[in-house]
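Coordinates from data.cif are shown below (mmCIF, C-alpha atoms).
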data_model
#
loop_
_atom_site.label_atom_id
_atom_site.label_comp_id
_atom_site.auth_asym_id
_atom_site.auth_seq_id
_atom_site.Cartn_x
_atom_site.Cartn_y
_atom_site.Cartn_z
CA MET A 323 31.51 68.15 -33.00
CA ARG A 324 34.96 69.38 -33.90
CA GLU A 325 35.88 69.75 -30.19
CA ARG A 326 34.85 66.17 -29.49
CA LEU A 327 37.28 64.93 -32.15
CA ILE A 328 40.14 66.92 -30.58
CA ILE A 329 39.30 65.71 -27.08
CA VAL A 330 38.98 62.04 -28.00
CA GLY A 331 42.07 62.23 -30.23
CA GLY A 332 44.07 63.85 -27.44
CA LEU A 333 42.93 61.27 -24.92
CA ALA A 334 43.87 58.44 -27.27
CA LEU A 335 47.32 59.96 -27.85
CA PHE A 336 47.82 60.34 -24.11
CA LEU A 337 46.82 56.73 -23.45
CA LEU A 338 49.14 55.53 -26.22
CA LEU A 339 52.11 57.46 -24.79
CA PHE A 340 51.23 56.43 -21.24
CA ALA A 341 51.07 52.74 -22.14
CA TYR A 342 54.10 52.88 -24.46
CA PRO A 343 56.53 51.03 -22.13
CA VAL A 344 54.01 48.21 -21.59
CA LEU A 345 53.10 47.99 -25.28
CA ARG A 346 56.76 48.04 -26.30
CA ALA A 347 57.55 45.22 -23.87
CA ALA A 348 54.60 43.22 -25.23
CA VAL A 349 55.69 43.71 -28.84
CA TYR A 350 59.42 43.03 -28.40
CA HIS A 351 59.01 40.40 -25.65
CA THR A 352 61.56 42.19 -23.46
CA GLN A 353 61.65 41.18 -19.85
CA THR A 354 63.48 42.59 -16.90
CA SER A 355 64.36 40.61 -13.84
CA ALA A 356 66.19 41.59 -10.71
CA PRO A 357 69.90 40.81 -10.94
CA GLN A 358 70.93 37.45 -9.57
CA LEU A 359 73.64 38.38 -7.13
CA ARG A 360 76.58 36.13 -6.45
CA LEU A 361 79.04 36.21 -3.58
CA THR A 362 82.76 35.77 -3.99
CA SER A 363 83.02 33.57 -0.93
CA GLN A 364 79.92 31.49 -0.37
CA GLY A 365 78.69 30.34 2.98
CA SER A 366 80.10 33.13 5.16
CA THR A 367 77.74 35.41 7.02
CA CYS A 368 77.46 39.12 6.45
CA VAL A 369 77.95 41.75 9.16
CA ALA A 370 74.14 41.99 9.48
CA PRO A 371 71.16 39.89 8.35
CA THR A 372 70.40 39.99 4.62
CA ASP A 373 67.03 41.74 5.03
CA TYR A 374 68.64 44.53 7.02
CA MET A 375 71.53 44.87 4.58
CA ARG A 376 69.18 44.98 1.60
CA THR A 377 67.23 47.92 2.97
CA SER A 378 69.74 49.69 5.19
CA HIS A 379 73.31 49.00 3.99
CA MET A 380 73.69 52.70 3.20
CA ARG A 381 72.87 53.64 6.78
CA LEU A 382 75.33 51.09 8.12
CA LEU A 383 78.07 52.35 5.78
CA SER A 384 77.33 55.95 6.72
CA GLN A 385 77.56 55.03 10.40
CA TRP A 386 80.85 53.19 9.80
CA ARG A 387 82.23 56.25 8.03
CA THR A 388 81.32 58.51 10.95
CA ASP A 389 82.68 56.02 13.49
CA VAL A 390 86.02 55.55 11.74
CA VAL A 391 86.72 59.06 10.50
CA ARG A 392 85.23 61.10 13.32
CA HIS A 393 85.65 58.83 16.35
CA GLY A 394 88.50 56.52 15.36
CA ASP A 395 86.28 53.54 16.19
CA ARG A 396 87.15 50.77 13.74
CA ARG A 397 85.76 47.70 15.51
CA PHE A 398 82.30 46.46 14.56
CA VAL A 399 80.66 43.84 16.73
CA ALA A 400 78.09 42.07 14.56
CA PHE A 401 74.69 40.71 15.59
CA ASN A 402 76.22 37.25 16.02
CA GLY A 403 79.09 38.51 18.18
CA LYS A 404 81.69 38.36 15.42
CA VAL A 405 84.07 41.30 15.29
CA TYR A 406 84.77 43.03 11.98
CA ASP A 407 87.00 45.86 10.83
CA LYS A 408 84.84 48.77 9.68
CA SER A 409 86.30 48.78 6.19
CA LEU A 410 84.46 49.02 2.89
CA THR A 411 87.49 47.88 0.90
CA ARG A 412 88.58 45.05 3.16
CA THR A 413 85.47 43.82 4.98
CA CYS A 414 82.66 44.37 2.46
CA LEU A 415 84.67 43.64 -0.66
CA GLY A 416 86.27 40.67 1.06
CA CYS A 417 83.08 38.77 0.20
CA HIS A 418 81.26 40.97 -2.28
CA ASN A 419 82.55 41.73 -5.73
CA LYS A 420 81.96 45.34 -6.67
CA GLN A 421 81.08 44.68 -10.33
CA GLN A 422 79.03 41.56 -9.62
CA PHE A 423 77.28 42.84 -6.51
CA CYS A 424 77.19 46.59 -5.84
CA ASP A 425 77.21 47.83 -9.43
CA ARG A 426 74.58 45.45 -10.80
CA CYS A 427 71.95 46.25 -8.20
CA HIS A 428 72.68 49.97 -8.28
CA ALA A 429 72.47 50.00 -12.08
CA TYR A 430 69.23 47.97 -12.03
CA SER A 431 67.55 50.25 -9.52
CA GLY A 432 68.98 53.41 -11.07
CA VAL A 433 70.72 54.53 -7.88
CA SER A 434 73.89 56.16 -9.10
CA GLY A 435 74.16 58.70 -6.31
CA PRO A 436 76.91 57.55 -3.97
CA HIS A 437 80.46 58.27 -5.08
CA CYS A 438 82.12 55.65 -2.85
CA TRP A 439 84.48 54.42 -5.56
CA SER A 440 85.88 57.75 -6.63
CA CYS A 441 88.08 57.45 -3.51
CA HIS A 442 87.67 53.98 -2.02
CA ASN A 443 89.52 51.17 -3.74
CA ASP A 444 88.27 47.95 -5.20
CA PRO A 445 91.04 45.42 -4.43
CA GLN A 446 89.52 42.89 -6.83
CA ALA A 447 89.57 45.31 -9.77
CA ALA A 448 91.74 43.85 -12.49
CA THR A 449 93.99 46.87 -12.75
CA ALA A 450 97.74 46.70 -12.66
CA LYS A 451 97.71 49.82 -10.54
CA VAL A 452 96.57 48.15 -7.33
CA MET A 453 99.37 46.94 -5.11
CA PRO A 454 98.88 43.43 -3.71
CA MET B 747 63.30 116.92 44.71
CA LYS B 748 61.68 118.41 41.66
CA ILE B 749 62.26 117.03 38.23
CA THR B 750 61.21 118.59 34.96
CA ARG B 751 59.46 116.64 32.26
CA LYS B 752 62.56 117.01 30.02
CA GLU B 753 64.90 115.67 32.73
CA PHE B 754 62.53 112.79 33.41
CA LEU B 755 62.47 111.78 29.74
CA GLU B 756 66.27 112.08 29.49
CA LEU B 757 66.82 109.95 32.60
CA SER B 758 64.40 107.22 31.55
CA GLY B 759 65.92 107.13 28.06
CA LEU B 760 69.42 106.77 29.48
CA SER B 761 68.28 104.03 31.89
CA ILE B 762 66.75 102.02 29.06
CA LEU B 763 69.93 102.47 26.99
CA GLY B 764 72.06 101.39 29.95
CA ALA B 765 69.99 98.27 30.60
CA GLY B 766 70.13 97.38 26.91
CA ALA B 767 73.89 97.90 26.75
CA LEU B 768 74.38 95.67 29.80
CA ARG B 769 72.48 92.87 28.07
CA ALA B 770 74.62 93.31 24.97
CA VAL B 771 77.81 93.19 27.07
CA HIS B 772 76.63 89.97 28.76
CA ALA B 773 75.73 88.42 25.40
CA VAL B 774 79.18 89.22 23.94
CA LYS B 775 80.88 87.86 27.04
CA ALA B 776 78.86 84.62 26.89
CA ALA B 777 79.61 84.21 23.19
CA GLU B 778 83.32 84.78 23.79
CA SER B 779 83.57 82.27 26.62
CA ALA B 780 81.62 79.74 24.54
CA HIS B 781 84.06 80.31 21.68
CA ALA B 782 87.02 79.91 24.02
CA ASN B 783 85.56 76.64 25.32
CA SER B 784 85.13 75.31 21.81
CA LEU B 785 88.84 75.75 21.08
CA PRO B 786 90.40 72.31 20.95
CA SER B 787 93.46 73.35 22.93
CA ASP B 788 91.48 72.86 26.15
CA SER B 789 93.31 70.11 28.00
CA PRO B 790 93.71 67.46 25.31
CA LYS B 791 94.52 64.02 26.68
CA LYS B 792 97.44 63.57 24.34
CA GLN B 793 99.26 65.68 21.81
CA MET B 794 101.11 63.77 19.15
CA ALA B 795 104.24 65.47 17.85
CA LEU B 796 107.22 64.89 15.59
CA ALA B 797 110.80 65.84 16.31
CA ILE B 798 113.07 65.84 13.28
CA ASP B 799 116.82 65.76 13.88
CA LEU B 800 118.27 67.68 10.95
CA ARG B 801 121.81 66.74 12.04
CA LYS B 802 120.97 63.16 11.09
CA CYS B 803 118.91 64.28 8.12
CA ARG B 804 121.92 66.12 6.63
CA ARG B 805 123.94 62.92 6.49
CA ARG B 806 122.02 62.01 3.36
CA PRO B 807 121.87 64.96 0.96
CA GLY B 808 118.93 64.70 -1.39
CA CYS B 809 117.23 61.95 0.62
CA ASN B 810 113.44 61.93 0.47
CA LEU B 811 112.66 58.41 1.67
CA CYS B 812 110.19 59.74 4.30
CA SER B 813 108.26 61.52 1.59
CA GLN B 814 108.30 58.49 -0.72
CA ALA B 815 107.04 56.18 2.04
CA CYS B 816 104.30 58.61 3.08
CA HIS B 817 103.09 59.28 -0.42
CA ALA B 818 103.03 55.57 -1.34
CA THR B 819 101.14 54.72 1.86
CA HIS B 820 98.51 57.41 1.39
CA ASN B 821 98.10 57.35 -2.40
CA VAL B 822 99.38 60.90 -2.77
CA PRO B 823 99.51 61.63 -6.50
CA HIS B 824 102.81 62.70 -8.04
CA ILE B 825 102.17 65.78 -10.16
CA ALA B 826 105.20 67.54 -11.63
CA ASP B 827 103.53 70.92 -12.21
CA PRO B 828 104.39 72.87 -9.02
CA ARG B 829 101.12 74.82 -9.22
CA HIS B 830 99.12 71.59 -9.01
CA GLU B 831 101.37 69.33 -6.97
CA VAL B 832 100.01 67.43 -3.99
CA LYS B 833 102.25 66.72 -1.02
CA TRP B 834 102.01 65.58 2.58
CA ILE B 835 105.69 65.63 3.61
CA TRP B 836 108.37 67.06 1.37
CA ASN B 837 111.77 68.76 1.36
CA GLU B 838 111.91 72.53 1.48
CA GLY B 839 114.84 74.95 1.49
CA PHE B 840 116.18 76.29 4.78
CA ALA B 841 115.49 79.89 3.71
CA SER B 842 111.77 79.35 3.29
CA VAL B 843 111.31 77.08 6.32
CA PHE B 844 113.27 79.20 8.81
CA PRO B 845 113.52 82.64 7.17
CA LEU B 846 114.38 84.39 10.45
CA GLU B 847 117.11 81.93 11.41
CA GLN B 848 119.24 82.69 8.41
CA ASN B 849 122.77 83.97 8.52
CA GLY B 850 125.87 83.54 6.39
CA TYR B 851 126.71 80.21 7.98
CA THR B 852 123.25 78.70 7.52
CA ARG B 853 123.30 79.85 3.90
CA ARG B 854 126.68 78.24 3.35
CA ASN B 855 126.02 75.01 5.24
CA TYR B 856 122.32 74.24 5.26
CA ASN B 857 121.05 75.41 1.89
CA GLY B 858 120.79 72.34 -0.28
CA SER B 859 120.31 69.99 2.67
CA PRO B 860 117.03 68.14 2.97
CA LEU B 861 114.61 69.73 5.39
CA PRO B 862 111.37 67.75 5.64
CA VAL B 863 108.24 69.80 6.26
CA LEU B 864 104.68 68.64 6.85
CA CYS B 865 101.47 69.60 8.63
CA ASN B 866 102.36 70.87 12.10
CA HIS B 867 99.17 69.58 13.77
CA CYS B 868 98.98 72.91 15.58
CA GLU B 869 97.64 73.45 19.06
CA LYS B 870 95.42 76.19 17.60
CA PRO B 871 95.04 75.20 13.95
CA PRO B 872 93.91 78.16 11.80
CA CYS B 873 92.70 75.73 9.11
CA VAL B 874 90.15 74.34 11.57
CA GLU B 875 88.96 77.84 12.47
CA VAL B 876 88.13 78.69 8.87
CA CYS B 877 86.68 75.41 7.60
CA PRO B 878 82.99 76.11 6.84
CA THR B 879 81.88 72.46 6.79
CA GLY B 880 83.74 70.96 9.73
CA ALA B 881 85.68 68.78 7.30
CA THR B 882 88.85 69.43 9.26
CA TRP B 883 89.07 69.35 13.04
CA LYS B 884 91.50 68.74 15.86
CA ARG B 885 91.03 65.36 17.48
CA SER B 886 90.61 65.82 21.22
CA GLU B 887 92.01 62.38 22.06
CA ASP B 888 95.47 62.84 20.53
CA GLY B 889 95.62 66.33 19.03
CA VAL B 890 95.87 65.15 15.41
CA VAL B 891 94.42 67.65 12.95
CA MET B 892 92.18 65.36 10.94
CA MET B 893 90.34 65.66 7.65
CA ASP B 894 87.05 64.14 6.56
CA TRP B 895 87.31 64.06 2.77
CA HIS B 896 83.64 63.16 2.56
CA ARG B 897 82.85 66.61 3.92
CA CYS B 898 85.44 68.75 2.10
CA ILE B 899 83.80 71.03 -0.47
CA GLY B 900 87.11 72.26 -1.85
CA CYS B 901 86.67 75.92 -0.89
CA LYS B 902 90.44 76.17 -0.12
CA TYR B 903 89.95 78.50 2.87
CA CYS B 904 92.20 76.16 4.87
CA ILE B 905 94.95 76.42 2.26
CA THR B 906 94.87 80.18 2.64
CA ALA B 907 94.73 79.97 6.43
CA CYS B 908 97.63 77.53 6.88
CA PRO B 909 100.85 79.52 7.38
CA TYR B 910 102.98 76.47 6.55
CA GLY B 911 101.64 75.59 3.10
CA ALA B 912 100.88 72.11 4.40
CA ARG B 913 97.68 71.66 2.45
CA SER B 914 97.29 70.72 -1.20
CA PHE B 915 94.32 70.92 -3.52
CA ASN B 916 93.45 68.29 -6.11
CA PHE B 917 93.24 70.40 -9.24
CA SER B 918 93.22 67.26 -11.39
CA GLU B 919 91.88 63.73 -11.01
CA PRO B 920 94.35 62.27 -8.48
CA ARG B 921 93.93 58.64 -9.58
CA GLU B 922 95.27 59.46 -13.01
CA ALA B 923 98.54 60.63 -11.45
CA LEU B 924 99.02 57.51 -9.32
CA GLN B 925 101.42 54.86 -10.55
CA GLN B 926 100.38 52.42 -7.84
CA VAL B 927 97.46 52.39 -5.45
CA ASN B 928 97.63 51.14 -1.89
CA PRO B 929 94.16 49.56 -1.55
CA ASP B 930 94.20 49.93 2.24
CA PHE B 931 94.01 53.71 2.04
CA PRO B 932 91.51 55.64 -0.06
CA THR B 933 92.58 57.96 -2.82
CA ARG B 934 91.10 61.43 -3.00
CA SER B 935 88.83 62.82 -5.67
CA LEU B 936 88.97 65.91 -7.81
CA GLY B 937 88.37 69.17 -5.95
CA VAL B 938 89.32 68.00 -2.46
CA VAL B 939 92.01 69.36 -0.13
CA GLU B 940 94.43 66.94 1.50
CA LYS B 941 97.31 66.96 3.97
CA CYS B 942 99.29 64.82 6.41
CA ASN B 943 97.06 62.95 8.88
CA PHE B 944 99.92 61.89 11.21
CA CYS B 945 99.15 58.38 9.93
CA ALA B 946 95.91 58.19 11.93
CA GLU B 947 95.17 54.85 10.26
CA ARG B 948 98.53 53.46 11.41
CA LEU B 949 98.24 54.94 14.92
CA ALA B 950 94.91 53.08 15.21
CA LYS B 951 96.84 49.83 14.74
CA GLY B 952 99.55 50.88 17.17
CA GLU B 953 102.10 51.53 14.43
CA ALA B 954 104.41 54.53 14.08
CA PRO B 955 103.89 56.95 11.17
CA ALA B 956 105.26 55.79 7.83
CA CYS B 957 107.87 58.58 7.64
CA VAL B 958 109.27 57.61 11.07
CA GLU B 959 109.64 54.00 9.97
CA ALA B 960 111.09 54.86 6.58
CA CYS B 961 113.93 57.10 7.80
CA PRO B 962 117.22 55.16 7.51
CA GLU B 963 118.92 57.56 9.96
CA LYS B 964 116.14 57.34 12.56
CA ALA B 965 116.04 61.13 12.39
CA ILE B 966 112.30 61.39 13.10
CA VAL B 967 110.91 60.74 16.57
CA PHE B 968 107.18 60.52 17.14
CA GLY B 969 105.12 60.49 20.30
CA ASP B 970 102.99 62.27 22.86
CA VAL B 971 104.51 65.53 24.08
CA LEU B 972 102.18 65.60 27.10
CA ASP B 973 103.74 62.35 28.31
CA ALA B 974 107.12 63.21 29.83
CA SER B 975 108.38 59.64 29.38
CA SER B 976 107.66 59.43 25.63
CA ASP B 977 110.54 59.24 23.13
CA VAL B 978 109.69 62.61 21.67
CA SER B 979 109.57 64.29 25.10
CA LYS B 980 112.93 62.80 26.00
CA ALA B 981 114.45 63.94 22.69
CA LEU B 982 113.04 67.45 23.20
CA ASP B 983 114.39 67.49 26.78
CA ALA B 984 117.83 66.50 25.57
CA SER B 985 118.37 69.05 22.76
CA TYR B 986 117.40 72.60 21.91
CA SER B 987 114.63 72.56 19.32
CA ILE B 988 112.92 75.14 17.14
CA ARG B 989 109.55 75.26 15.45
CA ARG B 990 108.31 76.97 12.30
CA LYS B 991 106.86 80.46 12.77
CA PRO B 992 106.09 80.12 16.50
CA GLU B 993 105.44 83.88 16.57
CA LEU B 994 102.07 83.25 14.89
CA GLY B 995 100.75 81.53 18.00
CA THR B 996 99.55 78.41 16.21
CA GLY B 997 101.58 76.14 18.48
CA PRO B 998 103.15 73.84 15.89
CA ASN B 999 103.85 70.26 16.97
CA VAL B 1000 106.68 69.52 14.59
CA PHE B 1001 110.02 70.28 16.21
CA TYR B 1002 113.43 70.55 14.57
CA PHE B 1003 116.90 69.97 15.99
CA LEU B 1004 119.35 71.98 13.93
#

Take the structure in the file and give it back as structure tokens.
Amino acid sequence: MRERLIIVGGLALFLLLFAYPVLRAAVYHTQTSAPQLRLTSQGSTCVAPTDYMRTSHMRLLSQWRTDVVRHGDRRFVAFNGKVYDKSLTRTCLGCHNKQQFCDRCHAYSGVSGPHCWSCHNDPQAATAKVMP
Amino acid sequence: MKITRKEFLELSGLSILGAGALRAVHAVKAAESAHANSLPSDSPKKQMALAIDLRKCRRRPGCNLCSQACHATHNVPHIADPRHEVKWIWNEGFASVFPLEQNGYTRRNYNGSPLPVLCNHCEKPPCVEVCPTGATWKRSEDGVVMMDWHRCIGCKYCITACPYGARSFNFSEPREALQQVNPDFPTRSLGVVEKCNFCAERLAKGEAPACVEACPEKAIVFGDVLDASSDVSKALDASYSIRRKPELGTGPNVFYFL
């Protein structure tokens, strides 16, 4: 009899802890939604289709890094025939704002791994340090 | 011919040893030739080089415009502490650059004159030999000794290996020591080695290195030493030049006219 109490009590505690995030959200009416991303310059096309960029931008950037640093190949011919400079600072951030675009999605999905910005510059950053 | 059991065993043992030794010799030979083939000095298409005319350089005592231009272009942090300073091209005293060329006259006339030094982009770069991650390598297309800062783990082997002191380590956060940032070139991060890249990013656009452009005396000539018609080849044909520590066999590609 005593064991049954411990078992049922333990199970109830486990279920309570397990469901805590859901219960908390129900009680406090908190809601999370994916960040609504905005582009700095609307209407222009990206270097690759949105679906590809959403899932594989890291692969593209890694390939660009290898091409530029290791092979000195800085020209990127996009899917639509447009030619871009393989540059994170100039090409990517020419349309995307780091704070409004990269950071928000990475913070939302908890991906804090890449250290791009400890060396690469954000030309839109409102710091007096950046030369025009 | 009679052979005793002892002689038979001795002979077969020696034969096995001999066959084994031959294999070992072949293996060493193959490894050595493979190593020799991997050396970047094997027929590069181009070899970029600098020739610095110190006769022109001396017209402006204390001038360091080449260094200023380079460091502004490449976001090289200015750190006053000499143990932590980071530099790509800088002025060094005659005695430490050319210790074996000294005599009473050089001491009297050249000490105190600017003598720009930088990475020599060696034919056989010792820094490349020691790098455990392949973060530094010699580009086969133009002989520039490049760095991939993404790959540098900051072990500093290359700093020890370089006989010219051309490499610096970021002991502190480099962005904090930058007054201005050129957004077109990345900064470095803490714990990474850096050095002159012969302005690889400018060469890609067909521009001359920043130091060459910045020199008001046009004392620095840049070009391909394997091309006999290049400016640097012509300058080296016209005057007697010396290099730093050629006795080490690194094959430096920065030449000086005294």

With all atoms listed in the file as the counted atoms, please give the residues lying no more than 12 Å from A:Cys417, apart from itself and same-chain residues fewer than 3 positions off, as a ChimeraX atom specification. /A:359-369,410-414,420,422-424,444-446

Give as a list in words the set of residues within 6 Å of the point (79.1, 40.7, 14.3), where distances use the file's coordinates and only C-alpha atoms.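 With a cut-off of 6 Å, the residues come to Val369, Val399, Ala400, Phe401, Asn402, Gly403, Lys404 and Val405 of chain A.
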
If I put a ball of radius 9 Å at (71.6, 47.9, 12.2) in the file's coordinates, which residues poke into it when counting all atoms listed in the file, written as a ChimeraX atom specification? /A:370-371,374-375,378-379,381-382,401

Go ahead and save the residues from that selection, with C-alpha atoms, as a CSV table (one decimal), keeping the file's coordinate frame.
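The file below, out30.csv, is the result:
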chain,number,residue,atom,x,y,z
A,370,ALA,CA,74.1,42.0,9.5
A,371,PRO,CA,71.2,39.9,8.4
A,374,TYR,CA,68.6,44.5,7.0
A,375,MET,CA,71.5,44.9,4.6
A,378,SER,CA,69.7,49.7,5.2
A,379,HIS,CA,73.3,49.0,4.0
A,381,ARG,CA,72.9,53.6,6.8
A,382,LEU,CA,75.3,51.1,8.1
A,401,PHE,CA,74.7,40.7,15.6

Taking into account all atoms listed in the file, which residue in the set B:Lys748, B:Arg801, B:His867, B:Arg948 is nearest to B:Gly997? B:His867

Nearest to B:His896 by atom-to-atom distance, counting only C-alpha atoms, from B:Gly766, B:Pro872, B:Gly937, B:Pro860: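 Looking at the shortest contact to B:His896, the residue is B:Gly937.
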
So that I can check the surroundings of A:Val391, please list as an MDAnalysis selection string every protein, DNA and RNA residue that reaches within 12 Å of it, counting only C-alpha atoms and ignoring chain neighbours fewer than 2 positions away. (chainID A and resid 383:389 393:396 408:409) or (chainID B and resid 881:883 885 891:897 943 946:947 950)

One decimal place gives the atom CA of B:Ser979-atom CA of B:Lys991 separation as 20.5 Å

Counting all atoms listed in the file, chain B residues within 8 Å of chain A, as number ranges by chain: B: 894, 924-935, 950

As AutoDock Vina command-line options: centre and edge lengths in Å, one decimal, of the axis-aligned box holding stretch 339-355 of chain A with 3 Å per side:
--center_x 57.7 --center_y 48.9 --center_z -21.3 --size_x 19.3 --size_y 23.1 --size_z 21.0

Between atom CA of B:Ala907 and atom CA of B:Pro871, what distance in Å does the model show, to one decimal?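 Atom-to-atom, atom CA of B:Ala907 to atom CA of B:Pro871, that is 8.9 Å.
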
Using the chain letters and residue numbers of this document, give as a PyMOL selection string the residues selected by the PyMOL selection byres ((chain B and resi 824-827) around 10). chain B and resi 817-818+821-823+828-833+916+918+920-925

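In this model, the gap between atom CA of A:Pro357 and atom CA of A:Ala429 comes to 9.6 Å.
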
I'd like the contact shell of B:Lys802 - 9 Å cut-off, all atoms listed in the file, skipping same-chain residues fewer than 4 positions apart - returned as a ChimeraX atom specification. /B:798,806,963-965

For the provided coordinates, the residues matched by the PyMOL selection byres ((chain B and resi 797) around 6) should be stated as a PyMOL selection string. chain B and resi 796+798+966-967+1000-1002

Please produce stretch 429-447 of chain A, completed to N, CA and C atoms, as an mmCIF file, in the frame of the given file.
data_model
loop_
_atom_site.group_PDB
_atom_site.id
_atom_site.type_symbol
_atom_site.label_atom_id
_atom_site.label_comp_id
_atom_site.auth_asym_id
_atom_site.auth_seq_id
_atom_site.Cartn_x
_atom_site.Cartn_y
_atom_site.Cartn_z
ATOM 1 N N ALA A 429 72.830 49.688 -10.698
ATOM 2 C CA ALA A 429 72.470 50.000 -12.080
ATOM 3 C C ALA A 429 71.015 49.623 -12.328
ATOM 4 N N TYR A 430 70.601 48.456 -11.817
ATOM 5 C CA TYR A 430 69.230 47.970 -12.030
ATOM 6 C C TYR A 430 68.212 48.919 -11.413
ATOM 7 N N SER A 431 68.531 49.400 -10.189
ATOM 8 C CA SER A 431 67.550 50.250 -9.520
ATOM 9 C C SER A 431 67.787 51.738 -9.807
ATOM 10 N N GLY A 432 68.762 52.024 -10.660
ATOM 11 C CA GLY A 432 68.980 53.410 -11.070
ATOM 12 C C GLY A 432 69.490 54.310 -9.960
ATOM 13 N N VAL A 433 70.173 53.719 -8.982
ATOM 14 C CA VAL A 433 70.720 54.530 -7.880
ATOM 15 C C VAL A 433 72.198 54.758 -8.169
ATOM 16 N N SER A 434 72.498 55.904 -8.751
ATOM 17 C CA SER A 434 73.890 56.160 -9.100
ATOM 18 C C SER A 434 74.481 57.241 -8.207
ATOM 19 N N GLY A 435 73.770 57.583 -7.152
ATOM 20 C CA GLY A 435 74.160 58.700 -6.310
ATOM 21 C C GLY A 435 75.494 58.580 -5.606
ATOM 22 N N PRO A 436 75.714 57.539 -4.805
ATOM 23 C CA PRO A 436 76.910 57.550 -3.970
ATOM 24 C C PRO A 436 78.205 57.461 -4.785
ATOM 25 N N HIS A 437 79.194 58.230 -4.365
ATOM 26 C CA HIS A 437 80.460 58.270 -5.080
ATOM 27 C C HIS A 437 81.541 57.507 -4.310
ATOM 28 N N CYS A 438 81.173 56.408 -3.680
ATOM 29 C CA CYS A 438 82.120 55.650 -2.850
ATOM 30 C C CYS A 438 83.431 55.387 -3.583
ATOM 31 N N TRP A 439 83.313 54.982 -4.872
ATOM 32 C CA TRP A 439 84.480 54.420 -5.560
ATOM 33 C C TRP A 439 85.343 55.468 -6.209
ATOM 34 N N SER A 440 84.960 56.747 -6.089
ATOM 35 C CA SER A 440 85.880 57.750 -6.630
ATOM 36 C C SER A 440 87.072 57.915 -5.683
ATOM 37 N N CYS A 441 86.948 57.427 -4.436
ATOM 38 C CA CYS A 441 88.080 57.450 -3.510
ATOM 39 C C CYS A 441 88.407 56.053 -2.979
ATOM 40 N N HIS A 442 87.400 55.303 -2.597
ATOM 41 C CA HIS A 442 87.670 53.980 -2.020
ATOM 42 C C HIS A 442 88.049 52.993 -3.113
ATOM 43 N N ASN A 443 88.934 52.058 -2.741
ATOM 44 C CA ASN A 443 89.520 51.170 -3.740
ATOM 45 C C ASN A 443 88.809 49.833 -3.790
ATOM 46 N N ASP A 444 88.794 49.294 -4.984
ATOM 47 C CA ASP A 444 88.270 47.950 -5.200
ATOM 48 C C ASP A 444 89.469 47.020 -5.370
ATOM 49 N N PRO A 445 89.813 46.226 -4.341
ATOM 50 C CA PRO A 445 91.040 45.420 -4.430
ATOM 51 C C PRO A 445 90.927 44.311 -5.468
ATOM 52 N N GLN A 446 89.684 43.961 -5.848
ATOM 53 C CA GLN A 446 89.520 42.890 -6.830
ATOM 54 C C GLN A 446 89.552 43.421 -8.266
ATOM 55 N N ALA A 447 89.566 44.732 -8.429
ATOM 56 C CA ALA A 447 89.570 45.310 -9.770
ATOM 57 C C ALA A 447 90.820 44.843 -10.506
#
